[in-house]
$ cat input-v9.txt   # compact mmCIF, C-alpha atoms
# COMPACT_ATOMS: atom_id res chain seq x y z
CA MET A 56 0.00 0.00 0.00
CA ALA A 57 2.97 2.33 0.50
CA ASP A 58 3.58 2.72 -3.25
CA LYS A 59 -0.06 3.50 -4.01
CA ASN A 60 -1.43 7.05 -4.36
CA ILE A 61 -4.33 7.35 -1.97
CA PHE A 62 -6.45 10.52 -2.18
CA THR A 63 -9.10 11.83 0.04
CA VAL A 64 -12.30 12.70 -1.79
CA ALA A 65 -11.60 16.39 -1.39
CA GLY A 66 -8.01 15.93 -2.44
CA LEU A 67 -9.04 14.10 -5.58
CA ASN A 68 -11.56 16.76 -6.46
CA GLU A 69 -8.94 19.44 -5.93
CA TYR A 70 -6.52 17.53 -8.16
CA ILE A 71 -9.10 17.20 -10.94
CA LYS A 72 -10.03 20.86 -10.57
CA ASN A 73 -6.38 21.89 -11.11
CA LEU A 74 -6.13 19.65 -14.16
CA ILE A 75 -9.23 21.25 -15.66
CA GLU A 76 -8.19 24.82 -14.91
CA ASP A 77 -4.69 24.22 -16.34
CA ASN A 78 -6.25 23.23 -19.65
CA ARG A 79 -5.97 26.18 -22.06
CA ILE A 80 -9.04 25.20 -24.08
CA LEU A 81 -11.27 24.70 -21.04
CA GLY A 82 -10.20 28.06 -19.65
CA ASN A 83 -11.59 29.97 -22.64
CA ILE A 84 -14.43 28.03 -24.15
CA TYR A 85 -17.73 28.62 -25.97
CA VAL A 86 -20.63 26.20 -25.45
CA LYS A 87 -23.83 26.13 -27.46
CA GLY A 88 -27.08 24.73 -26.07
CA GLU A 89 -30.54 25.35 -24.66
CA ILE A 90 -31.16 26.96 -21.26
CA SER A 91 -33.17 25.01 -18.70
CA ASN A 92 -33.76 25.19 -14.93
CA PHE A 93 -32.97 28.91 -15.05
CA THR A 94 -32.90 30.73 -11.70
CA ASN A 95 -32.39 34.47 -11.30
CA HIS A 96 -31.19 34.61 -7.72
CA LYS A 97 -31.98 37.64 -5.54
CA THR A 98 -28.23 38.31 -5.41
CA GLY A 99 -28.23 38.93 -9.16
CA HIS A 100 -26.49 35.64 -9.97
CA PHE A 101 -27.81 33.26 -12.65
CA TYR A 102 -27.93 29.50 -12.08
CA PHE A 103 -29.00 27.22 -14.94
CA THR A 104 -28.08 24.25 -17.09
CA VAL A 105 -27.20 24.15 -20.77
CA LYS A 106 -28.40 21.08 -22.61
CA ASP A 107 -28.64 19.47 -26.00
CA ASP A 108 -30.40 16.29 -27.03
CA LYS A 109 -27.66 14.11 -25.48
CA SER A 110 -26.30 15.79 -22.36
CA VAL A 111 -26.48 18.65 -19.85
CA LEU A 112 -23.93 21.05 -18.34
CA LYS A 113 -24.36 23.03 -15.14
CA ALA A 114 -23.66 26.75 -15.45
CA VAL A 115 -23.41 29.79 -13.23
CA MET A 116 -23.02 33.49 -14.02
CA PHE A 117 -22.17 35.74 -11.12
CA GLY A 118 -23.74 39.21 -11.36
CA GLY A 119 -25.44 38.16 -14.55
CA SER A 120 -28.33 40.62 -14.28
CA ALA A 121 -25.88 43.51 -14.25
CA LYS A 122 -23.84 42.25 -17.20
CA LEU A 123 -26.51 41.34 -19.77
CA LYS A 124 -28.92 43.64 -21.60
CA PHE A 125 -31.53 40.88 -21.88
CA MET A 126 -32.94 38.34 -19.44
CA PRO A 127 -32.22 34.67 -20.24
CA GLU A 128 -35.23 32.37 -20.27
CA ASN A 129 -35.86 28.64 -20.24
CA GLY A 130 -35.86 27.20 -23.73
CA MET A 131 -33.69 29.99 -25.14
CA LYS A 132 -30.91 28.76 -27.42
CA VAL A 133 -27.65 30.46 -26.50
CA ILE A 134 -23.90 30.48 -26.95
CA ILE A 135 -22.16 30.97 -23.62
CA HIS A 136 -18.55 31.89 -22.97
CA GLY A 137 -16.56 31.13 -19.87
CA ARG A 138 -14.26 28.65 -18.19
CA ILE A 139 -14.77 25.11 -17.00
CA SER A 140 -14.00 24.33 -13.38
CA LEU A 141 -14.95 21.83 -10.73
CA PHE A 142 -16.90 22.60 -7.58
CA VAL A 143 -14.90 20.66 -5.01
CA ARG A 144 -17.71 20.15 -2.50
CA ASP A 145 -20.07 18.46 -4.97
CA GLY A 146 -17.45 16.91 -7.21
CA GLN A 147 -19.22 18.29 -10.30
CA TYR A 148 -17.71 20.39 -13.00
CA GLN A 149 -19.59 23.36 -14.43
CA ILE A 150 -19.03 26.35 -16.64
CA TYR A 151 -18.54 29.75 -15.05
CA CYS A 152 -20.01 32.18 -17.60
CA ASP A 153 -18.89 35.72 -18.30
CA ASP A 154 -21.09 36.27 -21.36
CA ILE A 155 -24.24 34.88 -22.93
CA GLU A 156 -25.34 35.54 -26.51
CA PRO A 157 -28.56 34.35 -28.12
CA ASP A 158 -27.92 31.76 -30.78
CA GLY A 159 -29.13 33.23 -34.07
CA VAL A 160 -30.71 36.47 -32.72
CA GLY A 161 -28.82 39.39 -31.17
CA SER A 162 -29.02 40.05 -27.45
CA LEU A 163 -30.07 43.66 -28.05
CA TYR A 164 -32.98 42.52 -30.17
CA ILE A 165 -34.14 40.10 -27.45
CA ALA A 166 -33.74 42.79 -24.79
CA PHE A 167 -35.78 45.14 -26.98
CA GLU A 168 -38.60 42.62 -27.42
CA GLN A 169 -38.65 41.71 -23.73
CA LEU A 170 -38.87 45.34 -22.60
CA LYS A 171 -41.45 46.13 -25.27
CA ALA A 172 -43.67 43.26 -24.12
CA LYS A 173 -43.31 44.28 -20.48
CA LEU A 174 -44.20 47.95 -20.98
CA GLU A 175 -46.97 47.14 -23.42
CA SER A 176 -48.61 44.87 -20.84
CA GLU A 177 -48.55 47.80 -18.39
CA GLY A 178 -50.41 50.05 -20.85
CA LEU A 179 -47.56 52.46 -21.63
CA PHE A 180 -48.20 52.12 -25.37
CA ASP A 181 -52.01 52.23 -25.21
CA ILE A 182 -53.50 54.66 -27.73
CA LYS A 183 -56.03 55.92 -25.15
CA ASN A 184 -53.16 57.39 -23.12
CA LYS A 185 -51.74 59.41 -26.03
CA LYS A 186 -52.00 63.20 -25.64
CA PRO A 187 -52.95 65.28 -28.71
CA ILE A 188 -50.28 67.42 -30.33
CA PRO A 189 -51.25 71.14 -30.21
CA LYS A 190 -52.24 72.51 -33.62
CA VAL A 191 -50.38 75.81 -33.26
CA PRO A 192 -47.58 75.49 -30.67
CA LEU A 193 -45.70 78.73 -30.03
CA THR A 194 -42.71 77.17 -28.21
CA ILE A 195 -41.00 73.91 -29.20
CA GLY A 196 -38.69 72.01 -26.84
CA ILE A 197 -36.07 69.82 -28.55
CA ILE A 198 -33.99 67.20 -26.73
CA THR A 199 -31.05 66.04 -28.85
CA SER A 200 -27.34 66.52 -29.51
CA PRO A 201 -26.42 70.17 -30.12
CA THR A 202 -23.85 69.17 -32.75
CA GLY A 203 -25.70 66.57 -34.79
CA ALA A 204 -27.36 66.98 -38.16
CA ALA A 205 -30.77 66.29 -36.57
CA ILE A 206 -30.96 69.62 -34.72
CA ARG A 207 -30.00 71.57 -37.85
CA ASP A 208 -32.65 69.77 -39.89
CA MET A 209 -35.36 70.41 -37.28
CA ILE A 210 -34.46 74.11 -36.93
CA ASN A 211 -34.55 74.53 -40.72
CA VAL A 212 -37.95 72.85 -41.05
CA ILE A 213 -39.54 74.74 -38.13
CA THR A 214 -38.15 78.09 -39.31
CA ARG A 215 -39.39 77.49 -42.85
CA ARG A 216 -42.86 76.28 -41.85
CA PHE A 217 -43.63 78.45 -38.81
CA ALA A 218 -40.99 81.11 -38.22
CA MET A 219 -42.84 82.67 -35.27
CA ALA A 220 -42.32 79.52 -33.18
CA LYS A 221 -39.69 79.72 -30.45
CA ILE A 222 -37.21 76.83 -30.18
CA ILE A 223 -35.61 75.78 -26.88
CA LEU A 224 -32.83 73.18 -27.10
CA PHE A 225 -32.00 70.87 -24.21
CA PRO A 226 -28.57 69.50 -25.24
CA THR A 227 -27.88 65.84 -24.41
CA LEU A 228 -25.87 62.84 -25.41
CA VAL A 229 -27.79 60.65 -27.84
CA GLN A 230 -25.72 57.47 -27.49
CA GLY A 231 -23.65 55.78 -24.85
CA ALA A 232 -24.24 54.70 -21.26
CA ASN A 233 -25.08 58.20 -19.99
CA ALA A 234 -27.49 59.10 -22.80
CA PRO A 235 -30.74 57.67 -21.28
CA GLN A 236 -30.29 59.62 -18.06
CA GLN A 237 -29.66 62.91 -19.89
CA LEU A 238 -32.58 62.35 -22.27
CA ALA A 239 -34.92 61.69 -19.33
CA ALA A 240 -33.58 64.81 -17.60
CA GLY A 241 -34.63 66.86 -20.64
CA ILE A 242 -38.23 65.60 -20.41
CA LYS A 243 -38.32 66.37 -16.70
CA TYR A 244 -36.85 69.84 -17.24
CA PHE A 245 -39.48 70.91 -19.77
CA ASN A 246 -42.27 69.52 -17.57
CA ALA A 247 -40.92 71.42 -14.57
CA THR A 248 -40.53 74.78 -16.37
CA LYS A 249 -43.74 74.46 -18.43
CA GLU A 250 -42.29 76.83 -21.03
CA VAL A 251 -42.91 74.67 -24.12
CA ASP A 252 -46.09 73.46 -25.81
CA VAL A 253 -44.63 70.29 -27.33
CA ILE A 254 -41.40 68.28 -26.95
CA ILE A 255 -39.38 66.60 -29.71
CA ILE A 256 -36.87 63.96 -28.57
CA GLY A 257 -34.63 62.15 -31.03
CA ARG A 258 -31.51 61.87 -33.13
CA GLY A 259 -30.38 60.87 -36.60
CA GLY A 260 -29.89 57.34 -37.85
CA GLY A 261 -27.37 54.80 -36.65
CA SER A 262 -26.82 51.17 -35.69
CA ILE A 263 -28.95 49.48 -33.04
CA GLU A 264 -26.10 49.95 -30.60
CA GLU A 265 -25.97 53.68 -31.31
CA LEU A 266 -29.74 54.03 -30.89
CA TRP A 267 -29.84 51.85 -27.79
CA GLY A 268 -30.06 54.80 -25.38
CA PHE A 269 -33.66 55.32 -26.60
CA ASN A 270 -34.58 51.77 -25.53
CA ASP A 271 -34.08 52.51 -21.84
CA GLU A 272 -36.93 51.50 -19.51
CA ASN A 273 -36.65 54.54 -17.25
CA LEU A 274 -36.64 56.90 -20.25
CA ALA A 275 -39.80 55.24 -21.57
CA ARG A 276 -41.55 55.74 -18.22
CA VAL A 277 -40.49 59.40 -18.06
CA VAL A 278 -41.77 59.99 -21.61
CA PHE A 279 -45.07 58.29 -20.75
CA ALA A 280 -45.47 60.38 -17.57
CA SER A 281 -44.84 63.69 -19.36
CA LYS A 282 -47.71 66.18 -19.08
CA ILE A 283 -46.47 67.90 -22.22
CA PRO A 284 -47.04 66.01 -25.52
CA VAL A 285 -43.89 64.24 -26.74
CA ILE A 286 -42.94 63.47 -30.35
CA SER A 287 -40.26 60.80 -30.71
CA ALA A 288 -38.02 60.91 -33.79
CA VAL A 289 -35.20 58.42 -33.56
CA GLY A 290 -33.16 57.32 -36.56
CA HIS A 291 -34.63 56.57 -39.96
CA GLU A 292 -38.12 55.49 -40.98
CA THR A 293 -37.34 51.80 -40.45
CA ASP A 294 -35.88 52.32 -36.97
CA PHE A 295 -38.17 51.72 -34.00
CA THR A 296 -37.29 52.28 -30.35
CA ILE A 297 -39.09 51.87 -27.04
CA CYS A 298 -39.17 55.68 -26.81
CA ASP A 299 -41.19 55.76 -30.06
CA PHE A 300 -43.88 53.51 -28.58
CA ALA A 301 -44.07 55.42 -25.27
CA ALA A 302 -44.30 58.86 -26.93
CA ASP A 303 -47.58 60.50 -27.88
CA LEU A 304 -46.54 60.54 -31.55
CA ARG A 305 -43.81 58.75 -33.48
CA ALA A 306 -42.13 60.51 -36.40
CA PRO A 307 -40.05 58.54 -38.91
CA THR A 308 -37.23 61.12 -38.90
CA PRO A 309 -36.28 64.28 -36.98
CA SER A 310 -37.27 66.41 -40.00
CA ALA A 311 -40.67 64.71 -40.11
CA ALA A 312 -41.06 65.40 -36.37
CA ALA A 313 -40.51 69.10 -37.00
CA GLU A 314 -43.18 69.03 -39.72
CA LEU A 315 -45.62 67.27 -37.41
CA ALA A 316 -44.90 69.66 -34.55
CA VAL A 317 -45.71 72.96 -36.30
CA PRO A 318 -48.20 73.99 -38.96
CA ASP A 319 -47.26 75.39 -42.36
CA ILE A 320 -47.71 79.17 -42.18
CA PHE A 321 -48.80 79.29 -45.81
CA GLU A 322 -51.44 76.63 -45.22
CA LEU A 323 -52.62 78.57 -42.18
CA LYS A 324 -52.95 81.71 -44.28
CA LYS A 325 -54.97 79.80 -46.88
CA GLN A 326 -57.22 78.43 -44.17
CA LEU A 327 -57.70 81.88 -42.67
CA MET A 328 -58.52 83.31 -46.09
CA ASN A 329 -61.07 80.55 -46.65
CA VAL A 330 -62.61 81.27 -43.25
CA GLU A 331 -62.67 84.98 -44.08
CA LYS A 332 -64.45 84.30 -47.38
CA LYS A 333 -66.99 82.04 -45.69
CA MET A 334 -67.64 84.70 -43.06
CA GLU A 335 -68.13 87.33 -45.76
CA ILE A 336 -70.63 85.10 -47.54
CA LEU A 337 -72.47 84.38 -44.29
CA PHE A 338 -72.59 88.04 -43.23
CA SER A 339 -73.66 89.12 -46.72
CA GLY A 340 -76.44 86.56 -46.68
CA LYS A 341 -77.60 87.73 -43.25
CA ILE A 342 -77.55 91.37 -44.31
CA ASN A 343 -79.58 90.62 -47.45
CA TYR A 344 -82.02 88.57 -45.42
CA TYR A 345 -82.67 91.37 -42.91
CA ARG A 346 -82.77 93.96 -45.70
CA GLU A 347 -85.60 92.00 -47.37
CA ARG A 348 -87.45 91.76 -44.07
CA ILE A 349 -87.21 95.53 -43.63
CA LYS A 350 -88.59 96.04 -47.14
CA ASN A 351 -91.48 93.73 -46.34
CA TYR A 352 -92.20 95.69 -43.16
CA GLU A 353 -92.09 98.96 -45.09
CA SER A 354 -94.72 97.75 -47.56
CA SER A 355 -96.96 96.16 -44.94
CA ASN A 356 -100.23 97.67 -43.66
CA ILE A 357 -98.80 97.77 -40.18
CA LEU A 358 -96.49 100.62 -41.03
CA LYS A 359 -98.69 102.26 -43.71
CA ASN A 360 -101.92 102.42 -41.65
CA PRO A 361 -101.08 101.76 -37.98
CA MET A 362 -104.57 103.03 -36.89
CA ASN A 363 -106.14 100.06 -38.67
CA ILE A 364 -104.32 97.76 -36.29
CA ILE A 365 -105.43 99.87 -33.32
CA ASP A 366 -109.03 99.81 -34.54
CA ASP A 367 -108.91 96.06 -34.97
CA LYS A 368 -107.58 95.67 -31.45
CA ARG A 369 -110.25 98.04 -30.11
CA MET A 370 -112.99 95.99 -31.80
CA ASN A 371 -111.58 92.85 -30.28
CA ILE A 372 -111.61 94.46 -26.84
CA LEU A 373 -115.23 95.59 -27.28
CA HIS A 374 -116.24 92.13 -28.40
CA ILE A 375 -114.54 90.58 -25.40
CA GLU A 376 -116.18 93.16 -23.09
CA LYS A 377 -119.62 92.35 -24.51
CA ASN A 378 -119.07 88.63 -24.04
CA LEU A 379 -117.90 89.15 -20.47
CA THR A 380 -120.96 91.31 -19.65
CA SER A 381 -123.32 88.71 -21.07
CA GLN A 382 -121.63 85.93 -19.17
CA ILE A 383 -121.70 87.90 -15.89
CA GLN A 384 -125.40 88.74 -16.30
CA LEU A 385 -126.16 85.11 -17.03
CA ILE A 386 -124.30 84.00 -13.94
CA LEU A 387 -126.06 86.61 -11.75
CA SER A 388 -129.47 85.52 -13.07
CA GLU A 389 -128.72 81.90 -12.31
CA LYS A 390 -127.51 82.76 -8.81
CA LYS A 391 -130.63 84.93 -8.15
CA SER A 392 -132.94 82.09 -9.17
CA GLN A 393 -131.06 79.70 -6.91
CA PHE A 394 -131.33 82.22 -4.03
CA VAL A 395 -135.12 82.65 -4.43
CA MET A 396 -135.67 78.93 -4.60
CA ARG A 397 -133.59 78.23 -1.50
CA SER A 398 -135.27 81.13 0.37
CA SER A 399 -138.69 79.63 -0.34
CA LYS A 400 -137.56 76.31 1.04
CA LEU A 401 -136.25 77.97 4.19
CA GLU A 402 -139.51 79.93 4.64
CA VAL A 403 -141.51 76.71 4.51
CA LEU A 404 -139.27 75.25 7.19
CA ASN A 405 -139.50 78.40 9.44
CA PRO A 406 -141.45 77.44 12.58
CA LEU A 407 -142.68 81.05 13.06
CA SER A 408 -144.37 81.14 9.66
CA VAL A 409 -147.34 79.15 11.08
CA LEU A 410 -148.21 82.17 13.27
CA THR A 411 -149.54 83.97 10.19
CA ARG A 412 -152.18 81.26 9.90
CA GLY A 413 -153.72 82.07 13.38
CA TYR A 414 -151.45 80.07 15.63
CA SER A 415 -149.52 81.45 18.63
CA VAL A 416 -146.66 80.41 20.96
CA VAL A 417 -146.94 80.63 24.79
CA TYR A 418 -143.83 81.35 26.93
CA LYS A 419 -143.27 81.34 30.64
CA ASP A 420 -142.73 84.91 31.61
CA SER A 421 -140.19 83.93 34.24
CA ASP A 422 -137.67 81.97 32.09
CA LYS A 423 -139.06 82.50 28.53
CA LYS A 424 -139.44 78.74 27.98
CA ILE A 425 -142.12 77.49 25.61
CA ILE A 426 -145.10 75.95 27.42
CA LYS A 427 -145.95 72.64 25.79
CA LYS A 428 -148.09 70.91 28.45
CA LEU A 429 -150.46 71.96 31.28
CA ASP A 430 -147.98 70.65 33.80
CA ASP A 431 -145.42 73.20 32.59
CA ILE A 432 -147.43 76.12 34.05
CA ASP A 433 -149.17 76.93 37.34
CA ILE A 434 -152.30 78.93 38.17
CA ASP A 435 -151.55 82.69 38.57
CA SER A 436 -148.30 82.38 36.62
CA GLU A 437 -147.34 85.18 34.25
CA ILE A 438 -147.14 84.16 30.56
CA SER A 439 -146.36 85.77 27.20
CA VAL A 440 -148.25 84.89 24.04
CA LYS A 441 -146.45 85.46 20.74
CA LEU A 442 -148.70 86.27 17.79
CA SER A 443 -147.73 86.88 14.18
CA ASP A 444 -147.43 90.64 14.76
CA GLY A 445 -146.48 90.95 18.48
CA PHE A 446 -146.74 89.72 22.10
CA VAL A 447 -149.57 89.58 24.68
CA ASP A 448 -148.79 89.38 28.42
CA ALA A 449 -151.37 87.47 30.55
CA GLN A 450 -151.94 85.66 33.83
CA VAL A 451 -153.21 82.08 34.15
CA LYS A 452 -156.64 82.04 35.89
CA ASN A 453 -157.51 78.49 35.15
CA LYS A 454 -156.23 75.43 33.27
CA ARG A 455 -158.09 72.35 32.05
CA LYS A 456 -157.22 69.30 30.08
CA ILE A 457 -158.87 68.34 26.83
CA LYS A 458 -160.90 65.29 27.21
CA SER A 459 -159.88 62.63 24.82
CA LYS A 460 -162.56 61.18 22.59
CA ALA A 461 -163.76 57.75 23.61
$ encode --input "input-v9.txt" --output "structure tokens"
Amino acid sequence: MADKNIFTVAGLNEYIKNLIEDNRILGNIYVKGEISNFTNHKTGHFYFTVKDDKSVLKAVMFGGSAKLKFMPENGMKVIIHGRISLFVRDGQYQIYCDDIEPDGVGSLYIAFEQLKAKLESEGLFDIKNKKPIPKVPLTIGIITSPTGAAIRDMINVITRRFAMAKIILFPTLVQGANAPQQLAAGIKYFNATKEVDVIIIGRGGGSIEELWGFNDENLARVVFASKIPVISAVGHETDFTICDFAADLRAPTPSAAAELAVPDIFELKKQLMNVEKKMEILFSGKINYYRERIKNYESSNILKNPMNIIDDKRMNILHIEKNLTSQIQLILSEKKSQFVMRSSKLEVLNPLSVLTRGYSVVYKDSDKKIIKKLDDIDIDSEISVKLSDGFVDAQVKNKRKIKSKA
């Protein structure tokens, strides 16, 4: 046993690890495959496997989320670069990645599509959120490079089309790592000062890498949040950026953005002349209409013989008065007849009316109560007898009952 090499498990793994890391090819290798079991750890590290139809390889990328412009996904075919090493504890070798490229499609394109899908799902590109561009803006804010051809083109177009418009330039970088932050600062500045009616943000054409600053997520959110309408004009007609989708209006070129931002002064003059002509026609028509009405009034009987109208009105009043008098007399006659009839009925019901037919009413002189029976009065009592035309005072000398007939 003395001449045999005996390793511990850890020692063997360390030995194999050194062999692998000393290999020049394995220290700088590209591997092509499909991502699976992808994990984006909260630390920013990526853990995944790369596989083909025959085998799998474990992979790790430390700080991957900070290094890549796109987010790897399961099923994505990629070419990864890195070094092969062995993890001593587990005894498994894996590739430590420092770069990942999509296989067949550029990483910038994938990053663009991923960000576009994300922001679109949040409604940042929804047409209902687009603000209208003012028809006649008096102040234009432009965010672009002060030295590029784009600013010269936009100034030329705006000056030619609408020379009275004021132009305020917010100079920025339009490419590179610091460009998105400066572009967003321009949007924020114009919204804070409120001195412009519309904002143009953009630059001339270039490669996707040169235009990449306009595909920044934060810039897109700042453009979307702008209270002032934003026109995006990045690159050529075939170039599309995230900024274009987030803006209120996308122009194919910076020159086209300038044309969309301001009206053509000559077209405005034509429109004003057309409006002026229409107003002249309308006013002329109104004047002729009222002139004809005045002529009709002049030839009418109302103005020629105004007393005829007064006489007609007087006759109407007299006719109305006559009708009212007749109606009042008729009503009074009806009411008088009703009064006489009801008076006759009351007279019939009057208990005193029977006195005129020879009857009388006898009262006690002491309390003026009507005497109805012999028992209601005593001998020598004072009484009053009411006749139809007066009273008779008397004294009771005698009283006798009427004998009833057998």
$ atom_distance --input "input-v9.txt" --atom1 "atom CA of A:Asp303" --atom2 "atom CA of A:Phe245"
15.5 Å
$ atom_distance --input "input-v9.txt" --atom1 "atom CA of A:Ser281" --atom2 "atom CA of A:Leu323"
28.3 Å
$ residues_around --input "input-v9.txt" --residues "A:Leu238" --least-positions-apart "6" --cutoff "8 Å" --atoms "all atoms listed in the file" --output "PyMOL selection string"
chain A and resi 198-199+227-229+256+274
$ closest_residue --input "input-v9.txt" --among "A:Val115, A:Ala301, A:Val277, A:Ile255" --to "A:Leu170" --atoms "all atoms listed in the file"
A:Ala301
$ residues_around --input "input-v9.txt" --residues "A:Pro127" --least-positions-apart "6" --cutoff "9 Å" --atoms "all atoms listed in the file" --output "ChimeraX atom specification"
/A:90,93,95,101,133,155,157
$ closest_residue --input "input-v9.txt" --among "A:Arg346, A:Lys400, A:Ala218, A:Lys97" --to "A:Val191" --atoms "all atoms listed in the file"
A:Ala218
$ residues_around --input "input-v9.txt" --residues "stretch 139-153 of chain A" --least-positions-apart "4" --cutoff "10 Å" --atoms "all atoms listed in the file" --output "VMD selection string"
chain A and resid 64 to 78 80 to 86 101 to 102 104 to 105 111 to 119 122 to 123 135
$ residues_around --input "input-v9.txt" --residues "A:Gly445" --least-positions-apart "4" --cutoff "10 Å" --atoms "all atoms listed in the file" --output "short mmCIF file (atom, residue, chain, number, x, y, z; two decimals) with C-alpha atoms, in the coordinates of the input"
data_model
loop_
_atom_site.label_atom_id
_atom_site.label_comp_id
_atom_site.auth_asym_id
_atom_site.auth_seq_id
_atom_site.Cartn_x
_atom_site.Cartn_y
_atom_site.Cartn_z
CA SER A 415 -149.52 81.45 18.63
CA VAL A 440 -148.25 84.89 24.04
CA LYS A 441 -146.45 85.46 20.74
#
$ residues_around --input "input-v9.txt" --residues "stretch 205-211 of chain A" --least-positions-apart "4" --cutoff "9 Å" --atoms "all atoms listed in the file" --output "list of chain:residue names"
A:Ile197, A:Ile198, A:Thr199, A:Ser200, A:Pro201, A:Arg215, A:Arg216, A:Ile222, A:Leu224, A:Gly257, A:Arg258, A:Gly259, A:Thr308, A:Pro309, A:Ser310, A:Ala311, A:Ala312, A:Ala313, A:Glu314
$ write_last_selection --input "input-v9.txt" --atoms "C-alpha atoms" --output "tab-separated table (two decimals), in the coordinates of the input"
chain	number	residue	atom	x	y	z
A	197	ILE	CA	-36.07	69.82	-28.55
A	198	ILE	CA	-33.99	67.20	-26.73
A	199	THR	CA	-31.05	66.04	-28.85
A	200	SER	CA	-27.34	66.52	-29.51
A	201	PRO	CA	-26.42	70.17	-30.12
A	215	ARG	CA	-39.39	77.49	-42.85
A	216	ARG	CA	-42.86	76.28	-41.85
A	222	ILE	CA	-37.21	76.83	-30.18
A	224	LEU	CA	-32.83	73.18	-27.10
A	257	GLY	CA	-34.63	62.15	-31.03
A	258	ARG	CA	-31.51	61.87	-33.13
A	259	GLY	CA	-30.38	60.87	-36.60
A	308	THR	CA	-37.23	61.12	-38.90
A	309	PRO	CA	-36.28	64.28	-36.98
A	310	SER	CA	-37.27	66.41	-40.00
A	311	ALA	CA	-40.67	64.71	-40.11
A	312	ALA	CA	-41.06	65.40	-36.37
A	313	ALA	CA	-40.51	69.10	-37.00
A	314	GLU	CA	-43.18	69.03	-39.72
$ atom_distance --input "input-v9.txt" --atom1 "atom CA of A:Thr214" --atom2 "atom CA of A:Phe300"
27.4 Å
$ closest_residue --input "input-v9.txt" --among "A:Leu373, A:Arg397, A:Gly260, A:Gln450" --to "A:Asp420" --atoms "only C-alpha atoms"
A:Gln450
$ closest_residue --input "input-v9.txt" --among "A:Lys185, A:Arg369, A:Lys190, A:Lys171" --to "A:Lys282" --atoms "all atoms listed in the file"
A:Lys185
$ closest_residue --input "input-v9.txt" --among "A:Lys132, A:Lys221, A:Lys424, A:Lys87" --to "A:Val317" --atoms "all atoms listed in the file"
A:Lys221
$ closest_residue --input "input-v9.txt" --among "A:Asp299, A:Gln230, A:Leu429, A:Tyr345" --to "A:Gly203" --atoms "only C-alpha atoms"
A:Gln230
$ residues_near_point --input "input-v9.txt" --point "(-34.0, 55.7, -27.4)" --cutoff "10 Å" --atoms "all atoms listed in the file" --output "number ranges by chain"
A: 229-230, 234-235, 238, 256-258, 263, 265-272, 274-275, 287-290, 295-299
$ build_atoms --input "input-v9.txt" --residues "stretch 393-404 of chain A" --atoms "N, CA and C atoms" --output "PDB file, in the coordinates of the input"
ATOM      1  N   GLN A 393    -131.412  80.663  -7.945  1.00  0.00           N
ATOM      2  CA  GLN A 393    -131.060  79.700  -6.910  1.00  0.00           C
ATOM      3  C   GLN A 393    -131.342  80.280  -5.518  1.00  0.00           C
ATOM      4  N   PHE A 394    -131.093  81.582  -5.324  1.00  0.00           N
ATOM      5  CA  PHE A 394    -131.330  82.220  -4.030  1.00  0.00           C
ATOM      6  C   PHE A 394    -132.814  82.234  -3.680  1.00  0.00           C
ATOM      7  N   VAL A 395    -133.670  82.593  -4.658  1.00  0.00           N
ATOM      8  CA  VAL A 395    -135.120  82.650  -4.430  1.00  0.00           C
ATOM      9  C   VAL A 395    -135.654  81.281  -4.086  1.00  0.00           C
ATOM     10  N   MET A 396    -135.188  80.285  -4.824  1.00  0.00           N
ATOM     11  CA  MET A 396    -135.670  78.930  -4.600  1.00  0.00           C
ATOM     12  C   MET A 396    -135.280  78.437  -3.212  1.00  0.00           C
ATOM     13  N   ARG A 397    -134.053  78.694  -2.815  1.00  0.00           N
ATOM     14  CA  ARG A 397    -133.590  78.230  -1.500  1.00  0.00           C
ATOM     15  C   ARG A 397    -134.267  79.027  -0.382  1.00  0.00           C
ATOM     16  N   SER A 398    -134.566  80.322  -0.637  1.00  0.00           N
ATOM     17  CA  SER A 398    -135.270  81.130   0.370  1.00  0.00           C
ATOM     18  C   SER A 398    -136.678  80.595   0.612  1.00  0.00           C
ATOM     19  N   SER A 399    -137.336  80.175  -0.470  1.00  0.00           N
ATOM     20  CA  SER A 399    -138.690  79.630  -0.340  1.00  0.00           C
ATOM     21  C   SER A 399    -138.661  78.364   0.493  1.00  0.00           C
ATOM     22  N   LYS A 400    -137.680  77.545   0.255  1.00  0.00           N
ATOM     23  CA  LYS A 400    -137.560  76.310   1.040  1.00  0.00           C
ATOM     24  C   LYS A 400    -137.332  76.616   2.511  1.00  0.00           C
ATOM     25  N   LEU A 401    -136.504  77.593   2.788  1.00  0.00           N
ATOM     26  CA  LEU A 401    -136.250  77.970   4.190  1.00  0.00           C
ATOM     27  C   LEU A 401    -137.501  78.537   4.847  1.00  0.00           C
ATOM     28  N   GLU A 402    -138.298  79.312   4.070  1.00  0.00           N
ATOM     29  CA  GLU A 402    -139.510  79.930   4.640  1.00  0.00           C
ATOM     30  C   GLU A 402    -140.518  78.858   5.027  1.00  0.00           C
ATOM     31  N   VAL A 403    -140.590  77.801   4.197  1.00  0.00           N
ATOM     32  CA  VAL A 403    -141.510  76.710   4.510  1.00  0.00           C
ATOM     33  C   VAL A 403    -141.105  76.029   5.809  1.00  0.00           C
ATOM     34  N   LEU A 404    -139.791  75.931   5.993  1.00  0.00           N
ATOM     35  CA  LEU A 404    -139.270  75.250   7.190  1.00  0.00           C
ATOM     36  C   LEU A 404    -139.254  76.147   8.420  1.00  0.00           C
TER      37      LEU A 404
END
